[in-house]
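*Asks:* Questions regarding the structure given below will be posed in turn.
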Amino acid sequence: MRLKIHEFDMQLKYPFSISRHTYFSQPNIILELYHNGLTAYGEATINPYYHITIENLREHFEALKHQLEDYHFISPDQLFDDFSELLPINSFALAALNNASWDLYGKMNNCPVRELIKLPGSDSPRTSYTLGIDTQEGMSKKIKEFPWPIYKIKLGTSDDIGLIQFLRKQTKSLLRVDANCAWNAEQTIKISKELKKLGVEYIEQPLAANDPDQEYCFQHSTLPLFADESCCTELDIEQCNNKFNGVNIKLLKCGGLSPAIRMVRNARNKGLEVMIGCMTESSVGIAAAAQLLPYVDYADLDGPLLLAEDLATGLSYKDGKLHPSDQPGLGITYIGK
């Protein structure tokens with residue numbers, strides 16, 4: 001197997017703010033994986049919260065080049081196991097490799113990856129479109145320019161309730177909120193009551209990861225709570241039980257599609273609802289996550305919609321739904337060269 005890397009700094013349509021940072025662009029690396037005449041793709045972005053940089057991604061990908069030269073590829077799951085020592089060090093790098101191996105495996109079997117996933121499925125949910133923290137006028141402008149059936153609103157402002165009250169007057173679309181660890185338990189419990197009155201569906205990650213008050217918050221919140229920063233790897237599913245109503249699974253956090261598939265199954269077994277989420281990724285990364293759409297309850301896969309220019313084709317959005325291609329593998333055509 002041979003590996004080639006491409007570095008980008010993807011420009012965003014709008015500045016994107018959460019409670020911790022403001023982004024104007026999204027640096028990332030695209031992997032090209034070559035094996036037996038086939039080419040497959042994976043993606044990893046940088047992320048300050050998880051200490052992922054272009055430099056440490058490049059370092060691990062350069063090391064992987066040598067490890068893959070004589071590697072005997074059997075399946076994506078076996079590849080994940082064989083390179084799992086990367087997981088605690090750089091799950092983003094492992095995810096890009098694992099997702100590329102799924103793209104390869106689908107092409108080897110001449111079918112979309114989702115047909116190789118052994119989970120009970122149903123209709124795919126609609127995906128939310130994320131509005132980063134902004135002025136009321138700025139967020140209103142985005143809603144008018146991008147009408148969408150579901151918005152996820154980033155919170156952690158000086159007046160979160162006032163912001164949602166304002167946005168509710170701007171749109172009748174379904175609203176979800178994500179505090180990105182900005183609140184404490186008492187704030188969450190109080191705010192949840194007001195958000196419910198405004199028709200908000202759920203709250204994502206109100207408290208910091210590992211906050212000891214999470215169980216108390218879960219017991220008293222008026223709205224369902226979803227874990228994001230509190231749910232990174234397979235081991236976290238057990239920790240989220242009885243502390244959240246559901247989990248947001250992101251491939252870059254957990255190491256790729258192989259562990260994510262197991263996380264969906266384990267979460268279901270524990271009665272947790274499942275969201276498939278993303279970082280600000282191009283269609284290369286989103287196409288991998290989109291293979292799980294028939295097997296989850298909620299989706300937040302809007303990465304390509306936030307970019308000024310995409311790096312691949314093969315995905316389409318219509319009426320709030322993301323439609324992956326029916327082509328083999330992840331179903332994408334890479335255009336970022």
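Each chain in the structure tokens gets a letter, A, B and so on, in the order shown; residues start at 1 in every chain, and ligands are counted from 1 in the order they appear.
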Which residues are near A:Asp302? Cut-off 12 Å, only C-alpha atoms, ignore same chain within fewer than 2 positions. Put them as a CSV table (one decimal) with C-alpha atoms, in the first residue's frame.
*Replies:*
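Final output, part-v3.csv:
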```csv
chain,number,residue,atom,x,y,z
A,126,ARG,CA,-32.2,15.1,8.1
A,127,THR,CA,-29.0,16.9,8.9
A,128,SER,CA,-28.8,20.2,10.8
A,129,TYR,CA,-27.0,23.3,9.6
A,130,THR,CA,-24.8,24.9,12.2
A,131,LEU,CA,-24.9,28.6,13.0
A,148,TRP,CA,-32.9,25.0,6.3
A,150,ILE,CA,-33.0,22.3,11.2
A,151,TYR,CA,-30.5,24.7,12.7
A,152,LYS,CA,-27.9,23.8,15.4
A,276,ILE,CA,-23.5,11.2,13.7
A,277,GLY,CA,-21.5,14.5,13.7
A,278,CYS,CA,-18.5,16.0,12.1
A,279,MET,CA,-15.8,18.6,12.3
A,280,THR,CA,-15.6,21.2,9.6
A,281,GLU,CA,-14.7,18.7,6.9
A,282,SER,CA,-14.9,18.5,3.2
A,283,SER,CA,-17.0,16.0,1.3
A,285,GLY,CA,-14.6,13.2,5.5
A,286,ILE,CA,-18.3,13.8,5.4
A,287,ALA,CA,-18.8,11.0,2.9
A,289,ALA,CA,-19.7,9.7,8.2
A,290,ALA,CA,-22.6,9.7,5.8
A,299,ALA,CA,-27.3,13.9,11.9
A,300,ASP,CA,-25.0,17.0,12.0
A,304,PRO,CA,-19.2,21.0,3.1
A,305,LEU,CA,-22.0,23.6,3.4
A,306,LEU,CA,-19.7,25.7,5.6
A,307,LEU,CA,-16.9,25.8,3.1
A,310,ASP,CA,-15.2,21.8,-1.5
A,315,LEU,CA,-22.6,14.2,-2.0
A,316,SER,CA,-25.8,16.2,-2.5
A,317,TYR,CA,-28.2,18.0,0.0
A,320,GLY,CA,-32.4,19.0,4.7
A,321,LYS,CA,-31.2,15.5,3.8
A,322,LEU,CA,-27.7,14.5,2.8
A,323,HIS,CA,-27.6,12.0,0.0
```
*Asks:* Return as a ChimeraX atom specification the full set of residues in stretch 158-265 of chain A whose backbone-based DSSP assignment is helix (DSSP H, G or I).
*Replies:* /A:160-170,185-197,214-220,236-240,251-254,257-265
*Asks:* Could you jot down the atom CA of A:Ile335 to atom CA of A:Ala100 separation for me, Å, one decimal place?
*Replies:*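 A separation of 15.8 Å between them.
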*Asks:* Write out as a PyMOL selection string each polymer residue whose atoms come within 10 Å of A:Pro120, counting only C-alpha atoms; drop sequence neighbours fewer than 4 positions from it.
*Replies:* chain A and resi 265+294-296
*Asks:* Go through A:Met1, A:Ile74, A:Leu97, A:Leu175 one by one, measure the shortest atom-to-atom distance of each to A:Gly255 using only C-alpha atoms, and give the residue with the smallest value.
*Replies:*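 That would be A:Leu97, the residue with the smallest distance to A:Gly255.
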*Asks:* By how many Å are atom CA of A:His35 and atom CA of A:Ile54 apart?
*Replies:*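 So the two atoms, atom CA of A:His35 and atom CA of A:Ile54, lie 25.0 Å apart.
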*Asks:* Interatomic distance between atom CA of A:Gly336 and atom CA of A:Ala95?
*Replies:*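 About the pair atom CA of A:Gly336 and atom CA of A:Ala95: they are 19.5 Å apart.
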*Asks:* Residues within 12 Å of A:Ile153, please, as a ChimeraX atom specification. Count only C-alpha atoms; anything in the same chain fewer than 2 positions from it doesn't count.
*Replies:* /A:16-19,128-134,136,139-140,142-143,150-151,155-157,160-161,163-165,167-168,173-180,195,200-204,300
*Asks:* Generate a file of the selected residues that holds N, CA and C atoms, formatted as a CSV table (one decimal), in the first residue's frame.
*Replies:*
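Printed below is result-v9.csv as written:
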```csv
chain,number,residue,atom,x,y,z
A,16,PHE,N,-16.5,31.4,11.7
A,16,PHE,CA,-17.3,30.5,12.5
A,16,PHE,C,-16.8,30.5,14.0
A,17,SER,N,-17.7,30.8,14.9
A,17,SER,CA,-17.3,31.0,16.3
A,17,SER,C,-18.1,30.0,17.2
A,18,ILE,N,-17.4,29.4,18.1
A,18,ILE,CA,-18.0,28.6,19.2
A,18,ILE,C,-17.5,29.2,20.5
A,19,SER,N,-17.9,28.6,21.6
A,19,SER,CA,-17.5,29.2,22.9
A,19,SER,C,-16.1,29.4,23.2
A,128,SER,N,-28.7,18.8,10.4
A,128,SER,CA,-28.8,20.2,10.8
A,128,SER,C,-27.7,21.0,10.1
A,129,TYR,N,-28.0,22.3,10.1
A,129,TYR,CA,-27.0,23.3,9.6
A,129,TYR,C,-26.6,24.2,10.7
A,130,THR,N,-25.3,24.3,11.0
A,130,THR,CA,-24.8,24.9,12.2
A,130,THR,C,-24.6,26.4,12.0
A,131,LEU,N,-25.1,27.2,13.0
A,131,LEU,CA,-24.9,28.6,13.0
A,131,LEU,C,-23.9,28.9,14.2
A,132,GLY,N,-22.7,29.4,13.8
A,132,GLY,CA,-21.8,29.7,14.8
A,132,GLY,C,-22.2,31.0,15.6
A,133,ILE,N,-21.6,31.2,16.7
A,133,ILE,CA,-21.9,32.4,17.5
A,133,ILE,C,-21.6,33.6,16.7
A,134,ASP,N,-22.6,34.6,16.7
A,134,ASP,CA,-22.5,35.8,15.9
A,134,ASP,C,-23.4,36.8,16.5
A,136,GLN,N,-26.9,39.0,16.5
A,136,GLN,CA,-28.2,38.7,16.1
A,136,GLN,C,-28.4,39.0,14.6
A,139,MET,N,-26.6,36.3,12.4
A,139,MET,CA,-27.2,35.0,12.4
A,139,MET,C,-28.5,35.1,11.6
A,140,SER,N,-29.3,36.2,11.7
A,140,SER,CA,-30.5,36.4,10.9
A,140,SER,C,-30.2,36.4,9.4
A,142,LYS,N,-27.7,34.9,7.9
A,142,LYS,CA,-27.4,33.5,7.5
A,142,LYS,C,-28.6,32.7,7.3
A,143,ILE,N,-29.6,32.9,8.2
A,143,ILE,CA,-30.9,32.1,8.1
A,143,ILE,C,-31.6,32.5,6.8
A,150,ILE,N,-33.5,22.5,9.8
A,150,ILE,CA,-33.0,22.3,11.2
A,150,ILE,C,-31.7,23.1,11.3
A,151,TYR,N,-31.7,23.9,12.4
A,151,TYR,CA,-30.5,24.7,12.7
A,151,TYR,C,-29.9,24.2,14.0
A,155,LEU,N,-23.9,28.1,21.3
A,155,LEU,CA,-24.2,29.0,22.4
A,155,LEU,C,-22.9,29.1,23.3
A,156,GLY,N,-23.1,29.9,24.3
A,156,GLY,CA,-21.9,30.3,25.2
A,156,GLY,C,-21.7,31.8,25.2
A,157,THR,N,-22.8,32.5,24.9
A,157,THR,CA,-22.7,34.0,24.8
A,157,THR,C,-23.1,34.6,26.2
A,160,ASP,N,-27.6,33.8,26.1
A,160,ASP,CA,-28.0,32.7,25.3
A,160,ASP,C,-29.5,32.6,25.1
A,161,ILE,N,-30.3,32.9,26.1
A,161,ILE,CA,-31.8,32.8,26.0
A,161,ILE,C,-32.3,33.9,25.0
A,163,LEU,N,-30.7,35.3,22.6
A,163,LEU,CA,-30.3,34.9,21.3
A,163,LEU,C,-31.3,34.0,20.7
A,164,ILE,N,-31.7,32.9,21.4
A,164,ILE,CA,-32.7,31.9,20.9
A,164,ILE,C,-34.0,32.5,20.8
A,165,GLN,N,-34.4,33.4,21.7
A,165,GLN,CA,-35.7,34.1,21.5
A,165,GLN,C,-35.7,34.9,20.2
A,167,LEU,N,-33.9,34.4,17.5
A,167,LEU,CA,-33.8,33.5,16.3
A,167,LEU,C,-35.2,32.8,16.1
A,168,ARG,N,-35.9,32.5,17.2
A,168,ARG,CA,-37.2,31.9,17.1
A,168,ARG,C,-38.2,32.8,16.3
A,173,SER,N,-38.1,26.9,11.7
A,173,SER,CA,-37.3,25.6,11.6
A,173,SER,C,-37.0,25.1,13.0
A,174,LEU,N,-36.8,23.8,13.0
A,174,LEU,CA,-36.4,23.1,14.3
A,174,LEU,C,-35.0,23.6,14.8
A,175,LEU,N,-34.9,23.8,16.1
A,175,LEU,CA,-33.7,24.4,16.6
A,175,LEU,C,-33.1,23.3,17.6
A,176,ARG,N,-31.8,23.2,17.5
A,176,ARG,CA,-31.0,22.4,18.5
A,176,ARG,C,-29.9,23.4,19.0
A,177,VAL,N,-29.3,23.1,20.2
A,177,VAL,CA,-28.3,24.0,20.6
A,177,VAL,C,-27.1,23.2,21.1
A,178,ASP,N,-25.9,23.8,21.0
A,178,ASP,CA,-24.7,23.2,21.4
A,178,ASP,C,-23.9,24.3,22.2
A,179,ALA,N,-23.6,24.0,23.5
A,179,ALA,CA,-22.9,24.9,24.3
A,179,ALA,C,-21.4,24.7,24.4
A,180,ASN,N,-20.9,23.6,23.8
A,180,ASN,CA,-19.5,23.4,23.8
A,180,ASN,C,-18.8,23.6,25.1
A,195,LEU,N,-35.4,27.1,27.1
A,195,LEU,CA,-35.2,26.6,25.7
A,195,LEU,C,-36.4,25.7,25.3
A,200,VAL,N,-36.8,24.3,21.4
A,200,VAL,CA,-35.5,23.6,21.2
A,200,VAL,C,-35.6,22.2,21.4
A,201,GLU,N,-35.0,21.3,20.6
A,201,GLU,CA,-35.2,19.9,20.7
A,201,GLU,C,-34.2,19.3,21.7
A,202,TYR,N,-33.0,19.7,21.7
A,202,TYR,CA,-32.1,19.1,22.7
A,202,TYR,C,-30.9,20.0,22.9
A,203,ILE,N,-30.1,19.7,23.9
A,203,ILE,CA,-28.9,20.5,24.2
A,203,ILE,C,-27.7,19.6,24.1
A,204,GLU,N,-26.7,20.0,23.4
A,204,GLU,CA,-25.4,19.2,23.2
A,204,GLU,C,-24.3,19.8,24.1
A,300,ASP,N,-25.6,15.7,12.1
A,300,ASP,CA,-25.0,17.0,12.0
A,300,ASP,C,-23.8,16.9,11.0
```
*Asks:* From the options A:Pro324, A:Gly42, A:Pro76, A:Pro48, which residue's atoms come nearest to A:Met108, counting only C-alpha atoms?
*Replies:* A:Pro76
*Asks:* Just list as a list in words whatever in stretch 30-110 of chain A DSSP marks as strand (DSSP E or B).
*Replies:*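 Taking stretch 30-110 of chain A and keeping strand (DSSP E or B) gives Ile30, Leu31, Glu32, Leu33, Tyr34, His35, Leu38, Thr39, Ala40, Tyr41, Gly42, Glu43, Ala44, Thr45, Asn47 and Ile52 of chain A.
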*Asks:* Produce a file of the selected residues containing N, CA and C atoms, as a CSV table (one decimal), in the first residue's frame.
*Replies:*
```csv
chain,number,residue,atom,x,y,z
A,30,ILE,N,-5.7,15.7,3.3
A,30,ILE,CA,-6.4,14.6,2.5
A,30,ILE,C,-5.3,13.5,2.3
A,31,LEU,N,-5.7,12.2,2.6
A,31,LEU,CA,-4.9,11.1,2.3
A,31,LEU,C,-5.4,10.4,1.0
A,32,GLU,N,-4.4,10.1,0.2
A,32,GLU,CA,-4.6,9.2,-1.0
A,32,GLU,C,-4.0,7.9,-0.7
A,33,LEU,N,-4.8,6.8,-0.7
A,33,LEU,CA,-4.3,5.5,-0.4
A,33,LEU,C,-4.3,4.6,-1.7
A,34,TYR,N,-3.2,4.1,-2.1
A,34,TYR,CA,-3.1,3.3,-3.3
A,34,TYR,C,-2.9,1.8,-3.0
A,35,HIS,N,-3.7,1.0,-3.6
A,35,HIS,CA,-3.5,-0.5,-3.4
A,35,HIS,C,-4.1,-1.3,-4.5
A,38,LEU,N,-6.2,0.6,-7.1
A,38,LEU,CA,-7.3,1.4,-6.7
A,38,LEU,C,-6.8,2.5,-5.8
A,39,THR,N,-7.5,3.6,-5.9
A,39,THR,CA,-7.2,4.8,-5.1
A,39,THR,C,-8.3,5.1,-4.1
A,40,ALA,N,-8.0,5.4,-2.9
A,40,ALA,CA,-9.0,5.7,-1.9
A,40,ALA,C,-8.6,6.9,-1.1
A,41,TYR,N,-9.6,7.5,-0.4
A,41,TYR,CA,-9.4,8.8,0.3
A,41,TYR,C,-9.9,8.8,1.7
A,42,GLY,N,-9.1,9.6,2.5
A,42,GLY,CA,-9.5,9.9,3.9
A,42,GLY,C,-9.1,11.3,4.2
A,43,GLU,N,-9.7,11.9,5.3
A,43,GLU,CA,-9.4,13.3,5.7
A,43,GLU,C,-9.2,13.4,7.2
A,44,ALA,N,-8.3,14.3,7.5
A,44,ALA,CA,-8.1,14.7,8.9
A,44,ALA,C,-8.0,16.2,9.0
A,45,THR,N,-8.7,16.9,9.9
A,45,THR,CA,-8.6,18.3,10.1
A,45,THR,C,-7.8,18.6,11.4
A,47,ASN,N,-7.4,20.5,15.1
A,47,ASN,CA,-8.4,20.8,16.1
A,47,ASN,C,-7.7,21.2,17.4
A,52,ILE,N,-4.7,18.7,17.9
A,52,ILE,CA,-4.3,18.1,16.6
A,52,ILE,C,-3.8,19.3,15.7
```
